[in-house]
There are 2 protein chains.
Amino acid sequence: MAVNKKVLRTCKNTVLKGGLLAQGADVVRKKMIPYQWKALNDQLPDVEPSHAIENFRIAAGEKTGEYHGMVFQDSDVAKWLEAVAYSLSTHPDPALEAQADEVIDLVARAQQPDGYLNTYYTIVDPDNRWTNLAENHELYCAGHFIEAAVAYYEATGKDKLLQVVKRFVDHIDSVFGPEEHKKKGYPGHQEIELALVRLYRVTKDERHLKLAQFFVEARGQQPHYFDQEAQARGLDKFLHWGLFAHEYSQAHLPIGEQTTAEGHSVRALYFFSGVADLAQELGDETLFKACETLWDNIVNRRMYITGGIGSQSYGEGFTLDYDLPSDLAYTETCAAIALIFFGQRMLELDPNRKYADVMERALYNGVISGMSLEGDRFFYVNPLEVHPEVCRKRHDHNHVKPTRQGWFTCACCPPNLARLLTSIHHYLYSQDDHSLYVNFFAESEVECTVGESQVKLIQHTNYPWDGSIEMKLSLAEASGFKLHVRIPAWCRAPQVRVNGEPVDAAAHLVKGYLVLDRTWRDGDRVEVDLPMPVERVRAHHKVRETAGRIALQRGPVVYCLEEVDNGPDLTALVLAEDPQFELEEEAELQVPAIIANAYREESPGEGLYTVEEPRRVPVKIKAVPYFSWDNRKPGEMLVWIRA
Amino acid sequence: MAVNKKVLRTCKNTVLKGGLLAQGADVVRKKMIPYQWKALNDQLPDVEPSHAIENFRIAAGEKTGEYHGMVFQDSDVAKWLEAVAYSLSTHPDPALEAQADEVIDLVARAQQPDGYLNTYYTIVDPDNRWTNLAENHELYCAGHFIEAAVAYYEATGKDKLLQVVKRFVDHIDSVFGPEEHKKKGYPGHQEIELALVRLYRVTKDERHLKLAQFFVEARGQQPHYFDQEAQARGLDKFLHWGLFAHEYSQAHLPIGEQTTAEGHSVRALYFFSGVADLAQELGDETLFKACETLWDNIVNRRMYITGGIGSQSYGEGFTLDYDLPSDLAYTETCAAIALIFFGQRMLELDPNRKYADVMERALYNGVISGMSLEGDRFFYVNPLEVHPEVCRKRHDHNHVKPTRQGWFTCACCPPNLARLLTSIHHYLYSQDDHSLYVNFFAESEVECTVGESQVKLIQHTNYPWDGSIEMKLSLAEASGFKLHVRIPAWCRAPQVRVNGEPVDAAAHLVKGYLVLDRTWRDGDRVEVDLPMPVERVRAHHKVRETAGRIALQRGPVVYCLEEVDNGPDLTALVLAEDPQFELEEEAELQVPAIIANAYREESPGEGLYTVEEPRRVPVKIKAVPYFSWDNRKPGEMLVWIRA
């Protein structure tokens with residue numbers, strides 16, 4: 001593959017007009033961003049103070065006091081700014097922009113004369129910058145500020161934060177690099193790699209790309225930098241997470257030698273995203289292939305049906321192939337988001353639905369489950385089976401909260417959700433010089449230049465609740481280009497019509513995209529119908545936890561059972577062989593619920609063990625979209641239903 | 001219930017003549033006791049030194065050096081002595097007795113002038129005896145020495161250790177008690193309660209019984225002693241195990257108010273055993289009822305099919321009703337043994353098979369699984385599903401060893417197995433003045449006095465591999481008494497003949513015991529046939545982990561699948577509706593294996609999730625007794641099979 005030639009670019013001039021994703025973005029804009037602002041400013045009752053803004057005031061010398069929060073508390077501010085930037089780009093809001101400008105001014109004042117920017121080290125340990133990259137997140141926070149700066153610049157045209165991060169990167173570049181006198185280190189938590197590529201795309205400054213390349217290539221080299229810096233601090237070696245060693249931060253091997261996704265899942269996916277960015281900018285097929293191998297390992301061996309990744313709490317990470325326990329899952333919201341980040345980059349390099357399908361799986365399930373429908377309660381961990389009393393009494397379930405929480409001491413997930421959902425319109429369409437790609441379905445409009453032509457495409461749909469999609473083209477004059485429309489792999493019988501004429505979808509499918517190559521005229525209409533029967537999905541036979549069970553999925557949406565609808569003891573429910581699925585509007589959640597025939601097993605007596613068969617009582621079960629659970633009454637939840 | 005009247009007593013004059021239990025006792029005598037001797041003396045290669053004997057030498061002032069081992073390391077010596085006592089009582093061995101006498105002499109020399117005996121405090125912290133009962137096991141170790149002393153006295157007639165522990169108890173009695181000037185404390189780890197009753201039965205010294213009663217009654221009273229002693233050490237309060245508070249050591253409530261088994265399962269069962277002993281000696285029906293409530297809670301809500309108890313590693317304890325995960329089980333060998341101890345005491349108070357059935361379940365499954373067939377490798381944790389790679393990579397499985405270990409830093413289980421199996425003949429028969437009870441089946445002989453008569457009963461059987469049992473009575477003259485024979489609840493169609501004449505078993509059943517009330521004559525023959533088809537056992541519908549699964553059980557023996565017989569991915573195997581069970585001798589393990597029809601599910605492709613049904617490949621599966629697993633090649637193991 002000649003990576004460079006096939007690269008797609010995002011169609012940024014896209015407007016979401018309605019539907020579930022627009023609702024999600026609206027909730028973020030109206031509820032979550034103001035809510036997070038209060039969190040960052042310690043104004044939420046009953047929630048541990050964040051101190052994030054206060055740390056900047058202290059670092060800027062404008063307040064006295066002690067640093068509080070995680071060592072990466074700064075990144076919460078950066079992610080809030082990034083989300084605000086996306087929000088302003090679609091919904092201008094002078095008051096919010098003024099608030100963001102003030103924060104940016106504060107951040108600028110907290111920057112040190114040499115460009116360094118990190119409130120933890122500035123306040124707590126100014127003499128020991130860059131001495132514990134493995135654990136202390138300076139480069140991670142830098143990465144988030146770079147992303148925020150680029151987003152804010154693109155949204156508002158204001159470059160104050162961009163200048164701040166450029167100066168910071170100049171400083172970082174003076175410290176790290178392949179040159180003899182520089183440190184050979186790289187971050188314990190990746191993020192700066194993808195951020196530097198993003199910065200490079202705005203600045204075109206080759207140093208920014210080269211620094212990203214350095215961080216990617218230095219990682220996993222021997223002698224191991226994390227051991228060296230630990231020794232410089234007087235330790236024997238880096239105190240690894242016991243079971244993981246350097247796998248924890250994907251620093252066990254150079255990227256090209258990694259074939260399975262190991263360790264902390266957010267670190268892993270941010271890293272792979274940065275590597276994919278680098279593959280694109282360098283046209284480096286080897287890097288692309290490494291990414292593809294890791295992608296395939298994740299999605300074919302280590303991903304939950306919800307798009308969640310990270311099978312254990314310890315190390316917040318991957319474990320081994322097919323190890324996907326439903327109740328003990330870690331499945332951090334950030335990790336599912338990071339899977340979307342990685343998928344998006346892979347899709348740019350290789351327009352294959354295998355990336356977009358997984359992004360969609362994550363988006364409609366394990367990502368938006370992270371937020372309540374009201375936008376003010378959050379899951380950090382998104383398991384596929386919850387029994388509240390088990391979470392309270394079993395220490396190994398300590399990480400699983402049976403209901404969403406107001407905020408977190410480690411508050412990475414809510415701001416990550418905010419920046420994803422406010423920029424979600426950027427994922428819908430992409431293009432190269434001769435093609436327009438429809439990657440995701442939502443009520444929306446996009447304007448772009450394909451070849452010589454100005455193209456406007458208007459998409460009407462109620463996706464993901466309905467698979468009927470109508471796309472109208474608006475063109476000043478007729479134009480020949482390819483329209484690529486993703487046909488999701490979950491759809492068994494897509495129907496396509498162009499201006500009312502049926503098109504043989506199968507015959508036009510390339511890597512899962514329907515390719516319509518023709519001269520398009522103003523008013524042309526493409527109708528895609530993706531029938532959405534309720535499907536019974538099975539996991540691979542090597543997944544122990546799901547043996548003998550099915551998950552209900554309709555379109556891209558995975559369903560679950562809740563106690564509020566089905567009573568307790570959800571594992572006593574067995575789907576009937578002929579479930580006779582019906583849809584029914586769930587009034588409170590405003591989503592379609594699935595009604596099915598099932599039976600409830602009831603043991604004949606009180607004893608634990610018996611040779612008698614259980615009674616089977618016919619019941620109707622009701623399943624609701626997984627992402628919408630825990631928005632009514634607390635209780636049990638179950639994705640994988642006995643069949 | 002008038003507890004006192006119905007009390008049964010053990011028929012100690014019993015000889016095991018053959019069969020599985022005799023083999024177990026033999027292995028302990030020939031392999032395990034010498035192996036443990038080496039362990040206690042730090043003579044095992046590749047095993048962390050125990051230092052237990054060395055600690056006594058140092059405490060006796062005969063060596064210099066530091067204390068090493070757990071704070072309760074002394075108890076390993078006591079349990080070894082107790083096992084040796086039982087072994088000597090059935091198999092005199094002058095060399096072993098001399099070894100034991102030497103240890104007893106050493107223990108006596110380590111006793112302090114005031115009677116105190118504990119090498120940890122004597123060596124490490126002599127000024128702070130009895131200041132941390134919650135954590136530091138002084139009374140626990142005392143209890144084990146009392147048990148050893150009584151056993152050794154009964155086996156050999158030698159009372160040196162008995163005198164040692166009587167002096168120690170005098171000292172304890174001077175420290176603890178209801179009197180104004182004494183401490184109101186009680187042990188963090190129970191054991192001394194049952195030991196003091198045992199001592200009382202030999203000494204008839206009421207002070208010994210009263211001290212036991214004090215420890216039972218003080219427990220769980222407010223203000224809480226563990227908080228008080230912690231405050232005396234300068235802490236705010238006792239630093240509880242986070243999730244448990246005082247439940248961890250069953251000190252959250254007075255015994256009479258406890259209705260569910262909570263906390264550390266060995267502590268709980270030793271405690272309940274002591275309470276049952278006290279109920280017997282005091283004729284206290286309230287205490288008996290408290291024990292029965294707790295027994296019922298355990299066996300009907302919180303016990304694995306193997307008789308294992310303790311559902312989580314954290315706190316080594318109980319969690320909540322029906323929470324019985326197969327792979328995360330703690331199911332410590334000691335806890336299953338303790339369930340037998342508790343059951344034995346309840347059976348003495350109430351001759352009901354509900355106690356003996358559970359004891360048998362534990363014995364043939366979750367207890368003897370703790371030891372390899374060779375007697376030199378041990379499981380501390382006895383889970384019902386093992387996937388070796390999961391144990392290595394998942395931190396929440398850290399407590400699960402996929403193969404038996406040579407020894408343990410906390411080496412409580414192997415010596416406990418040793419003392420149980422060397423005394424297992426004591427469990428077979430019990431009696432009151434008018435009845436002889438056959439509780440368990442084994443090739444054996446018992447002699448006892450029932451009423452006025454000297455009775456000898458010879459039992460021939462190959463139980464648990466065959467349910468055919470023949471009992472011959474040998475009497476000097478005809479005698480009227482009741483012979484009670486337990487008919488296990490697992491047996492659906494028992495056949496009974498007396499001198500060849502069929503007896504209607506159902507008509508003679510009282511609390512699960514067949515009661516044969518007649519004038520017995522020399523040479524009378526009772527034949528009991530307990531047909532042992534392979535049974536498919538189901539767990540209660542509220543047990544999440546076993547939903548849709550069955551366990552194979554034949555007689556009292558629970559079976560499991562091993563990778564060595566069935567290949568990997570045991571959860572992909574599904575038992576056929578008509579399994580056509582057959583038995584086949586497993587040559588290497590020398591046990592009957594079960595062969596059954598099943599099929600193996602194979603997913604149609606490489607992907608994790610699919611709507612396609614898996615292929616079903618017919619296979620024969622082979623199940624072996626659970627206790628015998630991991631005696632060939634390491635690999636997966638599974639008790640609960642899909643059905």
# chains A, B, ... in the order shown; residues from 1 in each chain; ligands from 1
>>> residues_around(residues="Ile255 (chain B)", least_positions_apart="2", cutoff="9 Å", atoms="only C-alpha atoms", output="list of chain:residue names")
B:Val216, B:Glu217, B:Arg219, B:Gly220, B:Gln250, B:Ala251, B:His252, B:Leu253, B:Glu257, B:Gln258, B:Thr259, B:Phe272, B:Val275, B:Leu287, B:Ala290, B:Cys291
>>> write_last_selection(atoms="N, CA, C and O atoms", output="compact mmCIF listing (two decimals), in the first residue's frame")
# COMPACT_ATOMS: atom_id res chain seq x y z
N VAL B 216 -17.07 -16.93 73.61
CA VAL B 216 -18.21 -16.92 72.68
C VAL B 216 -19.14 -15.74 72.99
O VAL B 216 -19.59 -15.03 72.08
N GLU B 217 -19.40 -15.53 74.25
CA GLU B 217 -20.40 -14.52 74.61
C GLU B 217 -19.87 -13.09 74.52
O GLU B 217 -20.62 -12.16 74.28
N ARG B 219 -17.90 -11.97 72.28
CA ARG B 219 -17.73 -11.63 70.86
C ARG B 219 -18.90 -10.79 70.34
O ARG B 219 -20.05 -11.17 70.49
N GLY B 220 -18.57 -9.67 69.72
CA GLY B 220 -19.60 -8.86 69.08
C GLY B 220 -20.31 -7.91 70.04
O GLY B 220 -21.24 -7.20 69.62
N GLN B 250 -16.49 -12.25 62.30
CA GLN B 250 -17.77 -12.61 62.93
C GLN B 250 -17.94 -11.91 64.28
O GLN B 250 -18.55 -12.46 65.20
N ALA B 251 -17.41 -10.71 64.36
CA ALA B 251 -17.49 -9.96 65.62
C ALA B 251 -18.40 -8.75 65.45
O ALA B 251 -18.34 -7.81 66.22
N HIS B 252 -19.24 -8.79 64.41
CA HIS B 252 -20.11 -7.65 64.15
C HIS B 252 -21.35 -7.67 65.03
O HIS B 252 -21.95 -6.64 65.29
N LEU B 253 -21.73 -8.87 65.48
CA LEU B 253 -22.93 -9.03 66.29
C LEU B 253 -22.68 -10.17 67.27
O LEU B 253 -21.86 -11.06 67.01
N GLU B 257 -27.43 -13.15 67.28
CA GLU B 257 -28.03 -12.23 66.32
C GLU B 257 -27.50 -12.41 64.91
O GLU B 257 -27.89 -11.71 63.98
N GLN B 258 -26.57 -13.33 64.74
CA GLN B 258 -26.02 -13.58 63.40
C GLN B 258 -26.91 -14.60 62.67
O GLN B 258 -27.13 -15.69 63.17
N THR B 259 -27.38 -14.21 61.51
CA THR B 259 -28.26 -15.12 60.75
C THR B 259 -27.69 -15.49 59.39
O THR B 259 -28.20 -16.38 58.72
N PHE B 272 -18.36 -21.26 64.72
CA PHE B 272 -19.64 -21.95 64.83
C PHE B 272 -19.44 -23.35 65.44
O PHE B 272 -20.29 -23.83 66.19
N VAL B 275 -19.23 -22.87 69.06
CA VAL B 275 -20.55 -22.54 69.60
C VAL B 275 -21.39 -23.81 69.72
O VAL B 275 -22.10 -24.02 70.72
N LEU B 287 -28.33 -21.50 71.50
CA LEU B 287 -27.06 -21.56 70.76
C LEU B 287 -27.16 -22.56 69.61
O LEU B 287 -26.66 -22.31 68.51
N ALA B 290 -29.07 -20.98 66.81
CA ALA B 290 -28.21 -20.01 66.10
C ALA B 290 -27.30 -20.74 65.12
O ALA B 290 -27.12 -20.33 63.97
N CYS B 291 -26.74 -21.86 65.59
CA CYS B 291 -25.86 -22.65 64.71
C CYS B 291 -26.64 -23.21 63.53
O CYS B 291 -26.15 -23.22 62.40
>>> residues_around(residues="Asn462 (chain B)", least_positions_apart="3", cutoff="9 Å", atoms="only C-alpha atoms", output="VMD selection string")
chain B and resid 18 to 20 441 to 443 465 to 469
>>> write_last_selection(atoms="N, CA, C and O atoms", output="PDB file, in the first residue's frame")
ATOM      1  N   GLY B  18      -9.854 -50.098  54.459  1.00  0.00           N
ATOM      2  CA  GLY B  18      -9.518 -49.982  53.044  1.00  0.00           C
ATOM      3  C   GLY B  18     -10.357 -48.910  52.386  1.00  0.00           C
ATOM      4  O   GLY B  18     -11.163 -48.241  53.043  1.00  0.00           O
ATOM      5  N   GLY B  19     -10.159 -48.740  51.101  1.00  0.00           N
ATOM      6  CA  GLY B  19     -10.950 -47.779  50.347  1.00  0.00           C
ATOM      7  C   GLY B  19     -10.296 -46.408  50.270  1.00  0.00           C
ATOM      8  O   GLY B  19      -9.176 -46.189  50.756  1.00  0.00           O
ATOM      9  N   LEU B  20     -11.018 -45.478  49.669  1.00  0.00           N
ATOM     10  CA  LEU B  20     -10.474 -44.163  49.355  1.00  0.00           C
ATOM     11  C   LEU B  20     -10.026 -43.404  50.602  1.00  0.00           C
ATOM     12  O   LEU B  20      -8.959 -42.785  50.607  1.00  0.00           O
ATOM     13  N   PHE B 441     -19.657 -44.286  54.933  1.00  0.00           N
ATOM     14  CA  PHE B 441     -19.423 -45.637  54.442  1.00  0.00           C
ATOM     15  C   PHE B 441     -17.969 -45.822  54.053  1.00  0.00           C
ATOM     16  O   PHE B 441     -17.405 -45.015  53.308  1.00  0.00           O
ATOM     17  N   ALA B 442     -17.397 -46.883  54.586  1.00  0.00           N
ATOM     18  CA  ALA B 442     -16.011 -47.213  54.266  1.00  0.00           C
ATOM     19  C   ALA B 442     -15.737 -48.623  54.782  1.00  0.00           C
ATOM     20  O   ALA B 442     -16.343 -49.052  55.780  1.00  0.00           O
ATOM     21  N   GLU B 443     -14.868 -49.310  54.143  1.00  0.00           N
ATOM     22  CA  GLU B 443     -14.412 -50.622  54.613  1.00  0.00           C
ATOM     23  C   GLU B 443     -13.822 -50.409  56.005  1.00  0.00           C
ATOM     24  O   GLU B 443     -12.779 -49.756  56.157  1.00  0.00           O
ATOM     25  N   TRP B 465     -17.066 -45.468  45.329  1.00  0.00           N
ATOM     26  CA  TRP B 465     -17.104 -45.869  43.918  1.00  0.00           C
ATOM     27  C   TRP B 465     -18.257 -46.841  43.635  1.00  0.00           C
ATOM     28  O   TRP B 465     -18.635 -47.055  42.502  1.00  0.00           O
ATOM     29  N   ASP B 466     -18.771 -47.425  44.717  1.00  0.00           N
ATOM     30  CA  ASP B 466     -19.858 -48.393  44.586  1.00  0.00           C
ATOM     31  C   ASP B 466     -20.773 -48.176  45.784  1.00  0.00           C
ATOM     32  O   ASP B 466     -20.287 -47.997  46.908  1.00  0.00           O
ATOM     33  N   GLY B 467     -22.078 -48.207  45.576  1.00  0.00           N
ATOM     34  CA  GLY B 467     -23.015 -47.934  46.659  1.00  0.00           C
ATOM     35  C   GLY B 467     -23.470 -49.173  47.399  1.00  0.00           C
ATOM     36  O   GLY B 467     -24.394 -49.124  48.208  1.00  0.00           O
ATOM     37  N   SER B 468     -22.816 -50.289  47.121  1.00  0.00           N
ATOM     38  CA  SER B 468     -23.207 -51.521  47.787  1.00  0.00           C
ATOM     39  C   SER B 468     -22.462 -51.629  49.117  1.00  0.00           C
ATOM     40  O   SER B 468     -21.228 -51.622  49.160  1.00  0.00           O
ATOM     41  N   ILE B 469     -23.233 -51.752  50.200  1.00  0.00           N
ATOM     42  CA  ILE B 469     -22.636 -51.750  51.546  1.00  0.00           C
ATOM     43  C   ILE B 469     -23.180 -52.944  52.321  1.00  0.00           C
ATOM     44  O   ILE B 469     -24.403 -53.133  52.399  1.00  0.00           O
TER      45      ILE B 469
END
>>> closest_atom_pairs(of="chain A", to="chain B", cutoff="8 Å", atoms="only C-alpha atoms", output="Markdown table")
| residue | atom | partner | partner_atom | distance |
| --- | --- | --- | --- | --- |
| A:Leu243 | CA | B:Lys393 | CA | 6.8 |
| A:Val299 | CA | B:Leu608 | CA | 7.3 |
| A:Asn300 | CA | B:Gly607 | CA | 5.0 |
| A:Arg301 | CA | B:Leu608 | CA | 6.4 |
| A:Met303 | CA | B:Leu608 | CA | 7.9 |
| A:Ile305 | CA | B:Tyr609 | CA | 7.1 |
| A:Gln312 | CA | B:Arg394 | CA | 6.9 |
| A:Tyr314 | CA | B:His395 | CA | 6.1 |
| A:Thr319 | CA | B:Lys393 | CA | 5.8 |
| A:Leu320 | CA | B:Lys393 | CA | 7.0 |
| A:Asp323 | CA | B:Val390 | CA | 7.6 |
| A:Glu389 | CA | B:Leu320 | CA | 7.8 |
| A:Val390 | CA | B:Leu320 | CA | 7.4 |
| A:Lys393 | CA | B:Thr319 | CA | 5.8 |
| A:Arg394 | CA | B:Thr319 | CA | 6.4 |
| A:His395 | CA | B:Tyr314 | CA | 6.1 |
| A:Asp396 | CA | B:Asp396 | CA | 6.0 |
| A:Glu535 | CA | B:Val611 | CA | 6.7 |
| A:Arg536 | CA | B:Val611 | CA | 5.9 |
| A:Val537 | CA | B:Val611 | CA | 4.6 |
| A:Arg538 | CA | B:Thr610 | CA | 5.4 |
| A:Ala539 | CA | B:Tyr609 | CA | 4.6 |
| A:His540 | CA | B:Leu608 | CA | 4.9 |
| A:His541 | CA | B:Ser603 | CA | 5.5 |
| A:Lys542 | CA | B:Asp569 | CA | 6.0 |
| A:Arg544 | CA | B:Thr571 | CA | 5.7 |
| A:Ala547 | CA | B:Thr571 | CA | 6.3 |
| A:Gly548 | CA | B:Arg642 | CA | 7.4 |
| A:Asp569 | CA | B:Lys542 | CA | 6.0 |
| A:Thr571 | CA | B:Arg544 | CA | 5.7 |
| A:Ala572 | CA | B:His541 | CA | 5.6 |
| A:Glu601 | CA | B:His541 | CA | 6.3 |
| A:Glu602 | CA | B:His541 | CA | 5.8 |
| A:Ser603 | CA | B:His540 | CA | 5.5 |
| A:Glu606 | CA | B:Asn300 | CA | 6.9 |
| A:Gly607 | CA | B:Asn300 | CA | 5.1 |
| A:Leu608 | CA | B:His540 | CA | 4.9 |
| A:Tyr609 | CA | B:Ala539 | CA | 4.6 |
| A:Thr610 | CA | B:Arg538 | CA | 5.4 |
| A:Val611 | CA | B:Val537 | CA | 4.6 |
| A:Glu612 | CA | B:Arg538 | CA | 7.4 |
| A:Glu613 | CA | B:Arg538 | CA | 7.4 |
| A:Pro614 | CA | B:His541 | CA | 7.7 |
| A:Arg642 | CA | B:Gly548 | CA | 7.4 |
>>> write_last_selection(atoms="C-alpha atoms", output="JSON list (two decimals), in the first residue's frame")
[["chain", "number", "residue", "atom", "x", "y", "z"],
["A", 243, "LEU", "CA", 1.88, -8.52, 36.26],
["A", 299, "VAL", "CA", -11.33, -6.30, 17.40],
["A", 300, "ASN", "CA", -11.04, -10.05, 16.73],
["A", 301, "ARG", "CA", -9.78, -11.11, 20.16],
["A", 303, "MET", "CA", -13.10, -6.26, 22.31],
["A", 305, "ILE", "CA", -19.60, -6.43, 21.79],
["A", 312, "GLN", "CA", -9.49, -6.03, 33.83],
["A", 314, "TYR", "CA", -5.70, -4.09, 37.36],
["A", 319, "THR", "CA", -5.42, -9.36, 29.41],
["A", 320, "LEU", "CA", -5.37, -12.18, 26.87],
["A", 323, "ASP", "CA", -10.82, -13.03, 27.93],
["A", 389, "GLU", "CA", -25.08, -6.17, 45.60],
["A", 390, "VAL", "CA", -22.14, -8.03, 44.04],
["A", 393, "LYS", "CA", -19.73, -7.03, 48.49],
["A", 394, "ARG", "CA", -17.08, -8.39, 46.10],
["A", 395, "HIS", "CA", -13.76, -6.64, 46.24],
["A", 396, "ASP", "CA", -12.86, -7.81, 42.73],
["A", 535, "GLU", "CA", -30.38, -10.05, 15.55],
["A", 536, "ARG", "CA", -29.20, -12.73, 17.94],
["A", 537, "VAL", "CA", -25.45, -12.30, 18.12],
["A", 538, "ARG", "CA", -23.11, -14.99, 19.37],
["A", 539, "ALA", "CA", -19.54, -14.54, 20.53],
["A", 540, "HIS", "CA", -16.67, -16.72, 19.42],
["A", 541, "HIS", "CA", -16.64, -20.14, 21.04],
["A", 542, "LYS", "CA", -13.39, -19.32, 22.82],
["A", 544, "ARG", "CA", -15.79, -18.39, 28.10],
["A", 547, "ALA", "CA", -20.82, -19.52, 26.02],
["A", 548, "GLY", "CA", -24.41, -20.51, 25.35],
["A", 569, "ASP", "CA", -32.17, -12.68, 38.64],
["A", 571, "THR", "CA", -29.52, -14.94, 34.45],
["A", 572, "ALA", "CA", -32.59, -17.05, 35.20],
["A", 601, "GLU", "CA", -36.28, -20.72, 35.25],
["A", 602, "GLU", "CA", -37.35, -21.38, 38.80],
["A", 603, "SER", "CA", -35.68, -23.96, 40.94],
["A", 606, "GLU", "CA", -34.80, -23.98, 48.45],
["A", 607, "GLY", "CA", -31.66, -26.09, 48.24],
["A", 608, "LEU", "CA", -28.64, -25.03, 46.25],
["A", 609, "TYR", "CA", -28.19, -28.27, 44.29],
["A", 610, "THR", "CA", -30.77, -30.59, 42.85],
["A", 611, "VAL", "CA", -31.21, -33.19, 40.15],
["A", 612, "GLU", "CA", -34.67, -31.87, 39.42],
["A", 613, "GLU", "CA", -35.16, -29.71, 36.37],
["A", 614, "PRO", "CA", -36.17, -26.13, 37.00],
["A", 642, "ARG", "CA", -29.09, -17.24, 27.92]]
>>> residues_around(residues="region 513-519 of chain B", least_positions_apart="3", cutoff="7 Å", atoms="only C-alpha atoms", output="ChimeraX atom specification")
/B:353,478-487,505,508-510
>>> write_last_selection(atoms="N, CA, C and O atoms", output="CSV table (one decimal), in the first residue's frame")
chain,number,residue,atom,x,y,z
B,353,ARG,N,-29.4,-36.3,58.5
B,353,ARG,CA,-28.5,-36.4,57.3
B,353,ARG,C,-28.1,-35.1,56.7
B,353,ARG,O,-27.1,-35.0,56.0
B,478,ALA,N,-27.7,-61.8,72.0
B,478,ALA,CA,-28.7,-60.9,71.3
B,478,ALA,C,-29.0,-59.7,72.1
B,478,ALA,O,-28.9,-59.7,73.4
B,479,SER,N,-29.3,-58.6,71.4
B,479,SER,CA,-29.4,-57.3,72.1
B,479,SER,C,-30.4,-56.4,71.3
B,479,SER,O,-30.3,-56.3,70.0
B,480,GLY,N,-31.3,-55.8,72.0
B,480,GLY,CA,-32.2,-54.8,71.3
B,480,GLY,C,-31.6,-53.4,71.3
B,480,GLY,O,-31.3,-52.9,72.3
B,481,PHE,N,-31.3,-53.0,70.1
B,481,PHE,CA,-30.9,-51.5,70.0
B,481,PHE,C,-31.3,-51.1,68.6
B,481,PHE,O,-31.6,-51.9,67.7
B,482,LYS,N,-31.2,-49.8,68.4
B,482,LYS,CA,-31.5,-49.2,67.1
B,482,LYS,C,-30.2,-49.1,66.3
B,482,LYS,O,-29.2,-48.5,66.8
B,483,LEU,N,-30.2,-49.6,65.1
B,483,LEU,CA,-29.1,-49.3,64.1
B,483,LEU,C,-29.6,-48.2,63.2
B,483,LEU,O,-30.6,-48.4,62.5
B,484,HIS,N,-28.9,-47.1,63.2
B,484,HIS,CA,-29.3,-46.0,62.3
B,484,HIS,C,-28.2,-46.0,61.1
B,484,HIS,O,-27.0,-45.9,61.4
B,485,VAL,N,-28.7,-46.0,59.9
B,485,VAL,CA,-27.8,-45.9,58.8
B,485,VAL,C,-28.2,-44.8,57.9
B,485,VAL,O,-29.4,-44.7,57.4
B,486,ARG,N,-27.3,-43.9,57.7
B,486,ARG,CA,-27.6,-42.7,56.8
B,486,ARG,C,-27.9,-43.1,55.4
B,486,ARG,O,-27.1,-43.9,54.8
B,487,ILE,N,-29.0,-42.7,54.9
B,487,ILE,CA,-29.3,-42.8,53.4
B,487,ILE,C,-29.0,-41.5,52.8
B,487,ILE,O,-29.8,-40.5,53.0
B,505,ALA,N,-37.2,-49.0,52.9
B,505,ALA,CA,-36.3,-48.0,53.4
B,505,ALA,C,-37.1,-46.7,53.8
B,505,ALA,O,-36.9,-46.1,54.8
B,508,HIS,N,-38.8,-46.5,57.0
B,508,HIS,CA,-38.0,-46.5,58.2
B,508,HIS,C,-37.0,-45.3,58.3
B,508,HIS,O,-36.1,-45.3,59.0
B,509,LEU,N,-37.4,-44.3,57.5
B,509,LEU,CA,-36.5,-43.1,57.5
B,509,LEU,C,-36.8,-42.0,58.5
B,509,LEU,O,-38.0,-41.6,58.5
B,510,VAL,N,-35.9,-41.7,59.3
B,510,VAL,CA,-36.0,-40.6,60.3
B,510,VAL,C,-34.9,-39.6,60.0
B,510,VAL,O,-33.7,-39.9,60.2
>>> closest_residue(among="B:Val47, B:Leu339, B:Ala493, B:Ala587", to="Arg361 (chain B)", atoms="only C-alpha atoms")
B:Leu339
>>> closest_residue(among="A:Tyr140, A:Tyr152, A:Tyr427, A:Tyr121", to="Tyr86 (chain A)", atoms="only C-alpha atoms")
A:Tyr152
>>> residues_around(residues="Ile172 (chain B)", least_positions_apart="3", cutoff="9 Å", atoms="only C-alpha atoms", output="list in words")
Gly115, Tyr116, Leu139, Arg167, Phe168, Val169, Val175, Phe176, Gly177 and Leu211 of chain B
